[in-house]
Amino acid sequence: MSKILITGGAGFIGSNLVDYFLEKNHTIVCLDNLSTGFEHNIKQHFNNPNFTFIKSDIRDLEACKNAVAGCDYVLHEAALGSVPRSIEDPATTNEVNIGGFLNMIIAARDAKVKRFVYAASSSTYGDSKKLPKVENEIGKPLSPYAITKYVDELYADVFSKTYGMQCIGLRYFNVFGRRQTPDGAYAAVIPLWVKELINHRSPKINGDGSYSRDFTFIENVIQANELALFATEKQISQGQKVYSKLIGKEDLYTPNSTFFSEVFNVAFGGNTNLIQLFEALRDNLARFDNKIKKIEAVFGPFRAGDIPHSQASIKKAEIILKYKPKFDAREGFEKVAEWYYENLK
Ligand SMILES: NC(=O)c1ccc[n+]([C@@H]2O[C@H](COP(=O)([O-])OP(=O)(O)OC[C@H]3O[C@@H](n4cnc5c(N)ncnc54)[C@H](O)[C@@H]3O)[C@@H](O)[C@H]2O)c1
């Protein structure tokens with residue numbers, strides 16, 4: 001069993017990872033400053049001897065070093081995760097997402113962890129119109145948030161080459177599931193709409209509803225993190241060889257597998273437009289409250305900066321990590337609907 005530091009472990013994705021890896025009998029250290037995460041997401045583990053919570057900030061290098069001491073692996077999830085927030089306050093997003101990332105990867109390097117796995121983002125595709133999104137073809141960032149997530153990838157790449165680290169970035173695509181909060185100015189669309197529906201209000205769709213996303217159920221994200229942590233060097237090296245040949249980029253393949261830096265799309269590989277999303281949420285919630293069935297969405301103007309479509313190719317993760325997402329978006333909504341209904345009222 002391993003000792004894993006999960007930064008941002010009190011947040012939506014991080015706390016789901018904490019639950020999963022504790023259940024698998026690993027020892028977990030959670031570092032979180034509770035700025036957008038919540039103690040109630042992790043307090044069920046406070047009496048578990050395999051769990052330690054450190055309330056601290058990744059902008060503090062010493063705190064990162066203390067947290068990672070004795071850990072085998074890092075899952076770095078802590079960040080300020082909203083595009084609109086980064087537009088309003090780019091400096092703080094930069095401090096946390098780049099400065100904090102740099103602290104954490106320095107601390108991980110010094111602690112000689114076996115692997116540094118971090119939350120990257122589909123926002124790195126920026127203004128690229130190409131669909132589906134393939135890891136080695138990105139556009140220009142469209143927000144300060146997207147810049148920070150791309151800079152993290154660059155740092156991981158340089159740290160791997162310069163200090164011989166194993167780094168894996170997981171570019172999450174619109175993740176949803178339990179514990180995603182509907183509150184605050186920067187809430188993601190799914191919990192926001194769910195809260196509206198449960199309260200018999202009409203969710204507002206920005207634009208005509210045709211924009212689409214590759215909505216990714218949290219269980220698929222957990223699977224990708226586990227594979228990224230524990231895929232053997234041999235498996236990664238062999239997979240890199242096959243994948244680089246497949247995309248005609250054999251020059252990207254370096255047979256030295258003791259250190260590497262890779263990024264992978266983590267998604268289902270599907271696309272759901274906003275009208276389909278609205279209908280799926282409404283129909284699933286109507287199982288618990290009949291009145292929800294009659295609610296219609298209202299439409300507003302398109303939001304500046306929103307890209308029309310985002311869909312991932314998951315070939316690279318399939319080939320190298322053996323990633324096989326179990327739930328498409330519809331199955332994910334079905335699975336999480338009851339939790340939404342009970343918790344987002
Ligand atoms: N949710 C998505 O769809 C999505 C998509 C792409 C990438 N990501 C990335 O995944 C990661 C997790 O996102 P999430 O959706 O769970 O968000 P979240 O806000 O629920 O979780 C982030 C956690 O990091 C903590 N944190 C923030 N600043 C910190 C700091 N300075 N020091 C210590 N802890 C700090 C927060 O308190 C919170 O618990 C982030 O890196 C985010 O950028 C998320």
# chains A, B, ... in the order shown; residues from 1 in each chain; ligands from 1

$ residues_near_ligand --ligand "ligand 1" --cutoff "7 Å" --atoms "only C-alpha atoms and all ligand atoms" --output "PDB file with C-alpha atoms, in the first residue's frame"
ATOM      1  CA  THR A   7      -3.667  18.360  -2.671  1.00  0.00           C
ATOM      2  CA  GLY A   8      -7.067  19.996  -3.013  1.00  0.00           C
ATOM      3  CA  GLY A   9      -8.417  16.873  -1.309  1.00  0.00           C
ATOM      4  CA  ALA A  10     -11.323  18.754   0.285  1.00  0.00           C
ATOM      5  CA  GLY A  11     -12.622  19.870  -3.111  1.00  0.00           C
ATOM      6  CA  PHE A  12     -14.990  18.180  -5.534  1.00  0.00           C
ATOM      7  CA  ILE A  13     -12.567  15.956  -7.458  1.00  0.00           C
ATOM      8  CA  GLY A  14      -9.982  15.704  -4.677  1.00  0.00           C
ATOM      9  CA  LEU A  31      -3.409  19.336   1.862  1.00  0.00           C
ATOM     10  CA  ASP A  32      -6.085  21.972   1.337  1.00  0.00           C
ATOM     11  CA  ASN A  33      -6.645  25.572   2.422  1.00  0.00           C
ATOM     12  CA  LEU A  34     -10.458  25.177   2.200  1.00  0.00           C
ATOM     13  CA  SER A  35     -10.748  28.214  -0.080  1.00  0.00           C
ATOM     14  CA  THR A  36     -13.168  26.475  -2.460  1.00  0.00           C
ATOM     15  CA  GLY A  37     -13.245  23.067  -0.760  1.00  0.00           C
ATOM     16  CA  PHE A  38     -15.089  22.039   2.401  1.00  0.00           C
ATOM     17  CA  SER A  56      -2.419  24.813   4.571  1.00  0.00           C
ATOM     18  CA  ASP A  57      -1.732  26.707   1.398  1.00  0.00           C
ATOM     19  CA  ILE A  58       0.249  25.475  -1.626  1.00  0.00           C
ATOM     20  CA  ARG A  59       1.619  29.019  -1.984  1.00  0.00           C
ATOM     21  CA  GLU A  77      -5.571  18.758  -7.598  1.00  0.00           C
ATOM     22  CA  ALA A  78      -5.371  22.066  -5.692  1.00  0.00           C
ATOM     23  CA  ALA A  79      -6.004  25.080  -7.920  1.00  0.00           C
ATOM     24  CA  LEU A  80      -8.427  27.927  -8.452  1.00  0.00           C
ATOM     25  CA  GLY A  81     -10.558  26.311 -11.078  1.00  0.00           C
ATOM     26  CA  VAL A  96      -2.143  29.537  -6.823  1.00  0.00           C
ATOM     27  CA  GLY A 100       1.485  26.830  -5.954  1.00  0.00           C
ATOM     28  CA  ALA A 119      -4.908  17.990 -12.743  1.00  0.00           C
ATOM     29  CA  ALA A 120      -4.437  19.596 -16.132  1.00  0.00           C
ATOM     30  CA  SER A 121      -7.337  20.966 -18.164  1.00  0.00           C
ATOM     31  CA  SER A 122      -9.144  20.786 -21.495  1.00  0.00           C
ATOM     32  CA  ARG A 171      -6.547  17.069 -18.929  1.00  0.00           C
ATOM     33  CA  TYR A 172     -10.013  16.818 -17.416  1.00  0.00           C
ATOM     34  CA  PHE A 173     -13.003  17.637 -19.598  1.00  0.00           C
ATOM     35  CA  ASN A 174     -16.068  19.090 -17.769  1.00  0.00           C
ATOM     36  CA  VAL A 175     -16.157  16.738 -14.812  1.00  0.00           C
ATOM     37  CA  PHE A 176     -19.421  16.198 -12.905  1.00  0.00           C
ATOM     38  CA  GLN A 180     -19.608  19.641  -7.041  1.00  0.00           C
TER      39      GLN A 180
END

$ select_by_dssp --residues "region 52-289 of chain A" --states "alpha helix (DSSP H)" --output "PyMOL selection string"
chain A and resi 61-68+83-88+90-94+101-110+144-163+189-198+218-230+233-246+274-285

$ select_by_dssp --residues "region 147-335 of chain A" --states "strand (DSSP E or B)" --output "ChimeraX atom specification"
/A:166-172,175-176,204-206,212-213,216-217,260-266,272-273,298-300,309,312

$ write_last_selection --atoms "N, CA, C and O atoms" --output "compact mmCIF listing (two decimals), in the first residue's frame"
# COMPACT_ATOMS: atom_id res chain seq x y z
N GLN A 166 8.94 11.51 -12.93
CA GLN A 166 7.82 10.94 -13.70
C GLN A 166 6.59 11.81 -13.44
O GLN A 166 6.10 11.87 -12.31
N CYS A 167 6.13 12.48 -14.49
CA CYS A 167 4.98 13.40 -14.32
C CYS A 167 3.88 13.02 -15.30
O CYS A 167 4.15 12.76 -16.48
N ILE A 168 2.65 13.03 -14.81
CA ILE A 168 1.50 12.78 -15.69
C ILE A 168 0.44 13.84 -15.43
O ILE A 168 -0.03 14.01 -14.29
N GLY A 169 0.07 14.56 -16.47
CA GLY A 169 -1.00 15.56 -16.39
C GLY A 169 -2.27 14.97 -16.98
O GLY A 169 -2.24 14.38 -18.06
N LEU A 170 -3.36 15.15 -16.27
CA LEU A 170 -4.64 14.63 -16.75
C LEU A 170 -5.51 15.82 -17.15
O LEU A 170 -5.94 16.59 -16.30
N ARG A 171 -5.72 15.95 -18.45
CA ARG A 171 -6.55 17.07 -18.93
C ARG A 171 -8.01 16.69 -18.79
O ARG A 171 -8.59 16.02 -19.65
N TYR A 172 -8.61 17.13 -17.67
CA TYR A 172 -10.01 16.82 -17.42
C TYR A 172 -10.91 17.64 -18.35
O TYR A 172 -10.70 18.83 -18.56
N VAL A 175 -15.87 17.84 -15.73
CA VAL A 175 -16.16 16.74 -14.81
C VAL A 175 -17.44 17.05 -14.02
O VAL A 175 -17.69 18.20 -13.66
N PHE A 176 -18.24 16.01 -13.77
CA PHE A 176 -19.42 16.20 -12.90
C PHE A 176 -19.58 15.00 -11.98
O PHE A 176 -19.07 13.91 -12.25
N LYS A 204 -30.92 28.76 -17.08
CA LYS A 204 -30.66 29.64 -18.23
C LYS A 204 -29.55 29.04 -19.08
O LYS A 204 -28.44 28.77 -18.60
N ILE A 205 -29.87 28.86 -20.37
CA ILE A 205 -28.87 28.37 -21.31
C ILE A 205 -28.25 29.57 -22.01
O ILE A 205 -28.98 30.41 -22.56
N ASN A 206 -26.93 29.67 -21.98
CA ASN A 206 -26.26 30.76 -22.73
C ASN A 206 -26.20 30.35 -24.20
O ASN A 206 -25.54 29.39 -24.54
N SER A 212 -21.65 22.18 -27.35
CA SER A 212 -21.57 20.85 -26.74
C SER A 212 -20.26 20.64 -25.99
O SER A 212 -19.25 21.31 -26.27
N ARG A 213 -20.31 19.71 -25.05
CA ARG A 213 -19.15 19.40 -24.22
C ARG A 213 -19.06 17.89 -24.02
O ARG A 213 -20.05 17.17 -24.14
N THR A 216 -17.86 14.56 -18.29
CA THR A 216 -17.11 13.39 -17.81
C THR A 216 -17.50 13.06 -16.38
O THR A 216 -17.32 13.90 -15.48
N PHE A 217 -18.02 11.88 -16.19
CA PHE A 217 -18.46 11.46 -14.85
C PHE A 217 -17.25 11.20 -13.96
O PHE A 217 -16.25 10.63 -14.40
N PHE A 260 9.64 10.59 -17.42
CA PHE A 260 8.82 11.03 -18.55
C PHE A 260 7.84 12.09 -18.07
O PHE A 260 7.60 12.24 -16.87
N SER A 261 7.30 12.82 -19.04
CA SER A 261 6.21 13.74 -18.74
C SER A 261 5.17 13.54 -19.83
O SER A 261 5.47 13.74 -21.01
N GLU A 262 3.99 13.13 -19.44
CA GLU A 262 2.94 12.87 -20.42
C GLU A 262 1.67 13.62 -20.01
O GLU A 262 1.45 13.85 -18.81
N VAL A 263 0.87 13.98 -21.00
CA VAL A 263 -0.47 14.49 -20.67
C VAL A 263 -1.51 13.62 -21.39
O VAL A 263 -1.25 13.15 -22.51
N PHE A 264 -2.64 13.44 -20.75
CA PHE A 264 -3.70 12.61 -21.31
C PHE A 264 -5.04 13.32 -21.19
O PHE A 264 -5.34 13.89 -20.12
N ASN A 265 -5.85 13.24 -22.23
CA ASN A 265 -7.23 13.67 -22.10
C ASN A 265 -7.96 12.69 -21.20
O ASN A 265 -7.83 11.47 -21.35
N VAL A 266 -8.74 13.24 -20.27
CA VAL A 266 -9.59 12.40 -19.43
C VAL A 266 -11.03 12.85 -19.65
O VAL A 266 -11.44 13.93 -19.22
N THR A 272 -22.27 16.08 -25.72
CA THR A 272 -23.65 16.32 -25.29
C THR A 272 -23.89 17.80 -25.45
O THR A 272 -23.13 18.60 -24.90
N ASN A 273 -24.93 18.18 -26.23
CA ASN A 273 -25.14 19.63 -26.32
C ASN A 273 -25.97 20.10 -25.13
O ASN A 273 -26.48 19.30 -24.35
N VAL A 298 -34.70 28.52 -20.20
CA VAL A 298 -34.78 29.82 -20.89
C VAL A 298 -33.43 30.06 -21.57
O VAL A 298 -32.41 29.55 -21.13
N PHE A 299 -33.49 30.83 -22.65
CA PHE A 299 -32.27 31.02 -23.44
C PHE A 299 -31.79 32.47 -23.35
O PHE A 299 -32.59 33.39 -23.40
N GLY A 300 -30.49 32.66 -23.16
CA GLY A 300 -29.91 34.00 -23.13
C GLY A 300 -28.87 34.13 -24.23
O GLY A 300 -28.72 33.22 -25.06
N HIS A 309 -17.66 23.88 -29.29
CA HIS A 309 -17.68 22.44 -29.03
C HIS A 309 -16.36 21.98 -28.43
O HIS A 309 -15.30 22.52 -28.76
N ALA A 312 -13.15 15.15 -26.64
CA ALA A 312 -11.79 14.60 -26.53
C ALA A 312 -11.62 13.36 -27.38
O ALA A 312 -12.53 12.55 -27.53

$ residues_around --residues "Thr232 (chain A)" --least-positions-apart "4" --cutoff "12 Å" --atoms "only C-alpha atoms" --output "VMD selection string"
chain A and resid 114 to 115 166 226 to 228 236 to 239 257 to 259 320 to 322

$ atom_distance --atom1 "CA of Glu39 (chain A)" --atom2 "CA of Ser15 (chain A)"
9.8 Å

$ decode --residues "region 199-227 of chain A" --atoms "N, CA and C atoms" --output "CSV table (one decimal), in the first residue's frame"
chain,number,residue,atom,x,y,z
A,199,ASN,N,-35.4,23.5,-7.4
A,199,ASN,CA,-36.2,24.6,-6.8
A,199,ASN,C,-37.3,25.1,-7.7
A,200,HIS,N,-37.6,24.3,-8.8
A,200,HIS,CA,-38.6,24.6,-9.7
A,200,HIS,C,-38.4,25.9,-10.5
A,201,ARG,N,-37.2,26.2,-10.7
A,201,ARG,CA,-36.8,27.4,-11.5
A,201,ARG,C,-36.3,26.9,-12.9
A,202,SER,N,-36.4,27.8,-13.9
A,202,SER,CA,-35.9,27.5,-15.2
A,202,SER,C,-34.4,27.8,-15.4
A,203,PRO,N,-33.6,26.8,-15.6
A,203,PRO,CA,-32.1,27.1,-15.9
A,203,PRO,C,-32.0,27.9,-17.1
A,204,LYS,N,-30.9,28.8,-17.1
A,204,LYS,CA,-30.7,29.6,-18.2
A,204,LYS,C,-29.5,29.0,-19.1
A,205,ILE,N,-29.9,28.9,-20.4
A,205,ILE,CA,-28.9,28.4,-21.3
A,205,ILE,C,-28.3,29.6,-22.0
A,206,ASN,N,-26.9,29.7,-22.0
A,206,ASN,CA,-26.3,30.8,-22.7
A,206,ASN,C,-26.2,30.4,-24.2
A,207,GLY,N,-26.9,31.1,-25.1
A,207,GLY,CA,-26.9,30.8,-26.5
A,207,GLY,C,-28.1,29.9,-26.8
A,208,ASP,N,-28.0,29.3,-28.0
A,208,ASP,CA,-29.2,28.5,-28.5
A,208,ASP,C,-29.2,27.0,-28.0
A,209,GLY,N,-28.2,26.7,-27.2
A,209,GLY,CA,-28.2,25.3,-26.7
A,209,GLY,C,-27.5,24.3,-27.6
A,210,SER,N,-26.9,24.8,-28.7
A,210,SER,CA,-26.2,23.9,-29.6
A,210,SER,C,-24.8,23.6,-29.2
A,211,TYR,N,-24.2,24.4,-28.3
A,211,TYR,CA,-22.8,24.2,-27.9
A,211,TYR,C,-22.8,22.9,-27.2
A,212,SER,N,-21.7,22.2,-27.4
A,212,SER,CA,-21.6,20.8,-26.7
A,212,SER,C,-20.3,20.6,-26.0
A,213,ARG,N,-20.3,19.7,-25.0
A,213,ARG,CA,-19.2,19.4,-24.2
A,213,ARG,C,-19.1,17.9,-24.0
A,214,ASP,N,-17.9,17.5,-23.6
A,214,ASP,CA,-17.6,16.1,-23.4
A,214,ASP,C,-17.7,15.9,-21.8
A,215,PHE,N,-19.0,15.9,-21.4
A,215,PHE,CA,-19.2,15.8,-19.9
A,215,PHE,C,-18.7,14.5,-19.4
A,216,THR,N,-17.9,14.6,-18.3
A,216,THR,CA,-17.1,13.4,-17.8
A,216,THR,C,-17.5,13.1,-16.4
A,217,PHE,N,-18.0,11.9,-16.2
A,217,PHE,CA,-18.5,11.5,-14.8
A,217,PHE,C,-17.3,11.2,-14.0
A,218,ILE,N,-17.4,11.6,-12.7
A,218,ILE,CA,-16.3,11.5,-11.8
A,218,ILE,C,-15.6,10.1,-11.7
A,219,GLU,N,-16.4,9.1,-11.8
A,219,GLU,CA,-15.9,7.7,-11.7
A,219,GLU,C,-14.8,7.5,-12.8
A,220,ASN,N,-15.0,8.1,-13.9
A,220,ASN,CA,-14.0,7.9,-15.0
A,220,ASN,C,-12.7,8.6,-14.6
A,221,VAL,N,-12.9,9.8,-14.0
A,221,VAL,CA,-11.7,10.5,-13.5
A,221,VAL,C,-10.9,9.8,-12.5
A,222,ILE,N,-11.6,9.1,-11.6
A,222,ILE,CA,-11.0,8.3,-10.5
A,222,ILE,C,-10.2,7.2,-11.2
A,223,GLN,N,-10.8,6.6,-12.1
A,223,GLN,CA,-10.1,5.5,-12.8
A,223,GLN,C,-8.8,6.0,-13.5
A,224,ALA,N,-8.9,7.1,-14.2
A,224,ALA,CA,-7.7,7.7,-14.9
A,224,ALA,C,-6.6,8.0,-13.9
A,225,ASN,N,-7.0,8.5,-12.7
A,225,ASN,CA,-6.0,8.8,-11.7
A,225,ASN,C,-5.3,7.6,-11.2
A,226,GLU,N,-6.1,6.5,-10.9
A,226,GLU,CA,-5.5,5.3,-10.4
A,226,GLU,C,-4.5,4.7,-11.5
A,227,LEU,N,-4.9,4.7,-12.7
A,227,LEU,CA,-4.1,4.2,-13.8
A,227,LEU,C,-2.8,5.0,-13.9
